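Following: one structure in structure tokens, then a few remarks.
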Amino acid sequence: MRHLKSIEHRNRSYFIRIQIAVVCSLLLFVLLFRYWPDSWNNDGTLFDRFAEQELITPEMIIASQQVSVERVAPPVPRPVETLPDGEVVDMSYNLDVDATGLDYSLPYPEPVEEDHLVELPDRPPNVRRIVEPVMPSQARRENIRVEIEILFTVSAEGVVEEVMVVAIRKFNRQTGQFEDVDETGYGFREITLHAARQWLFQPAQHEGKPVRSQTRQQFTFGNGS
């Protein structure tokens, strides 16, 4: 019981101390407010001081930013030179045409044609494939003997580009010799040209390169052909 009474007495004294501290604080605040120096009243209230100061608005900030932009000076116009009427200015340029070191006095080489036909190559074309023409049956029955000479134009790849009949000879039984004729009949010219176009050659060689060339071949009909 004594212990409880001592605790209750201690709590009551602590509460009284708190009340005394609050009262003293209130009295101190009232005294400060009442007897504070009235220097503020000379120049007006604190609110009036802030009211008298210049306020900064967003428009003023934007205006100051615009003013701070660096201005670029306009370009200075160049004076226009005018010449009197009728006056001609002669401006000449000395170009060093020999600066490249080329000798323009030499003639230009003639261009080499890709389809240049070599008449006398170092090595003539050689036959790779032969297609024999078939003798007409009627001419075989009549024992007609004919020789036809063909001029071949051979490309650099060995392909026949053109064929042409250069001579036709027919055997004469009375003289026992072949005679030059224009036509023999029986279709010898047509079948010979048709067969000649299907030939293949090893192209001619000239200066170590394949070239376009010509060669002649003879087709013989009759006498067991």
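Naming scheme: A, B, ... for chains in displayed order of the structure tokens; residues 1 onward per chain; ligands 1 onward as shown.
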Quiz prompt | Contacts of region 212-222 of chain A at 6 Å (only C-alpha atoms; same-chain gap of 5+ positions) as a PyMOL selection string | solution = chain A and resi 117-118+144-156
Considering only strand (DSSP E) as DSSP defines it on the backbone, what residues of region 165-210 of chain A qualify? List them as a ChimeraX atom specification.
/A:165-172,177-180,200-202,204-206,209-210
Task: Gap from CA of Ile168 (chain A) to CA of Thr184 (chain A) - Å, one decimal - done: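 One can read the CA of Ile168 (chain A) to CA of Thr184 (chain A) distance as 7.9 Å.
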Fewer than 4 positions away in the same chain doesn't count, so skip those; otherwise give me all residues within 8 Å of Asp180 (chain A), counting only C-alpha atoms, as an mmCIF file with C-alpha atoms, in the first residue's frame.
data_model
loop_
_atom_site.group_PDB
_atom_site.id
_atom_site.type_symbol
_atom_site.label_atom_id
_atom_site.label_comp_id
_atom_site.auth_asym_id
_atom_site.auth_seq_id
_atom_site.Cartn_x
_atom_site.Cartn_y
_atom_site.Cartn_z
ATOM 1 C CA ALA A 167 32.527 -22.563 -157.261
ATOM 2 C CA ILE A 168 30.391 -25.319 -158.828
ATOM 3 C CA ARG A 169 31.943 -27.863 -161.164
ATOM 4 C CA LYS A 170 30.153 -30.650 -163.073
#
note - CA of Trp199 (chain A) and CA of Met135 (chain A) are separated by 17.6 Å
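Distance annotation: of A:Glu190, A:Asn223, A:Arg197, A:Pro136, the residue with the minimal separation from Val163 (chain A) is A:Arg197; atom set is only C-alpha atoms.
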Report task. Grab the CA of Gly185 (chain A) to CA of Glu162 (chain A) distance for me, in Å with one decimal place. Result ->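 It comes out at 22.8 Å.
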Rank A:Cys24, A:Val127, A:Val30, A:Val181 by their smallest atom-to-atom distance to Gly158 (chain A), using only C-alpha atoms, and report the top residue only.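 When distances to Gly158 (chain A) are compared using only C-alpha atoms, the smallest one comes from A:Val127.
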ask   = Near Lys209 (chain A), within 10 Å and counting only C-alpha atoms, which residues show up once chain neighbours fewer than 4 positions away are dropped, as a ChimeraX atom specification?
value = /A:121-122,156,203-205
Mind checking which residues fall within 10 Å of Glu132 (chain A), counting only C-alpha atoms, ignoring those fewer than 5 positions away in the same chain, and posting them as a PDB file with N, CA and C atoms, in the first residue's frame?
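Just written: out-v1.pdb:
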ATOM      1  N   ILE A 191      21.365 -28.359-150.555  1.00  0.00           N
ATOM      2  CA  ILE A 191      21.719 -29.388-149.573  1.00  0.00           C
ATOM      3  C   ILE A 191      23.162 -29.202-149.086  1.00  0.00           C
ATOM      4  N   THR A 192      24.015 -28.657-149.949  1.00  0.00           N
ATOM      5  CA  THR A 192      25.403 -28.425-149.527  1.00  0.00           C
ATOM      6  C   THR A 192      25.477 -27.295-148.505  1.00  0.00           C
ATOM      7  N   HIS A 194      23.125 -26.311-146.510  1.00  0.00           N
ATOM      8  CA  HIS A 194      22.473 -26.756-145.273  1.00  0.00           C
ATOM      9  C   HIS A 194      23.421 -27.590-144.427  1.00  0.00           C
ATOM     10  N   ALA A 195      24.189 -28.452-145.047  1.00  0.00           N
ATOM     11  CA  ALA A 195      25.141 -29.289-144.312  1.00  0.00           C
ATOM     12  C   ALA A 195      26.325 -28.467-143.813  1.00  0.00           C
ATOM     13  N   ALA A 196      26.785 -27.508-144.617  1.00  0.00           N
ATOM     14  CA  ALA A 196      27.962 -26.725-144.240  1.00  0.00           C
ATOM     15  C   ALA A 196      27.698 -25.854-143.019  1.00  0.00           C
ATOM     16  N   GLN A 198      26.290 -26.593-140.393  1.00  0.00           N
ATOM     17  CA  GLN A 198      26.332 -27.392-139.171  1.00  0.00           C
ATOM     18  C   GLN A 198      27.754 -27.830-138.796  1.00  0.00           C
ATOM     19  N   TRP A 199      28.751 -27.417-139.554  1.00  0.00           N
ATOM     20  CA  TRP A 199      30.126 -27.776-139.231  1.00  0.00           C
ATOM     21  C   TRP A 199      30.609 -26.978-138.019  1.00  0.00           C
ATOM     22  N   PHE A 219      33.033 -30.102-151.421  1.00  0.00           N
ATOM     23  CA  PHE A 219      32.088 -31.207-151.292  1.00  0.00           C
ATOM     24  C   PHE A 219      32.002 -31.896-152.661  1.00  0.00           C
ATOM     25  N   THR A 220      32.128 -33.215-152.638  1.00  0.00           N
ATOM     26  CA  THR A 220      32.145 -33.993-153.887  1.00  0.00           C
ATOM     27  C   THR A 220      30.949 -34.951-153.890  1.00  0.00           C
ATOM     28  N   SER A 225      29.923 -41.562-153.955  1.00  0.00           N
ATOM     29  CA  SER A 225      29.740 -40.714-152.777  1.00  0.00           C
ATOM     30  C   SER A 225      28.347 -40.884-152.233  1.00  0.00           C
TER      31      SER A 225
END
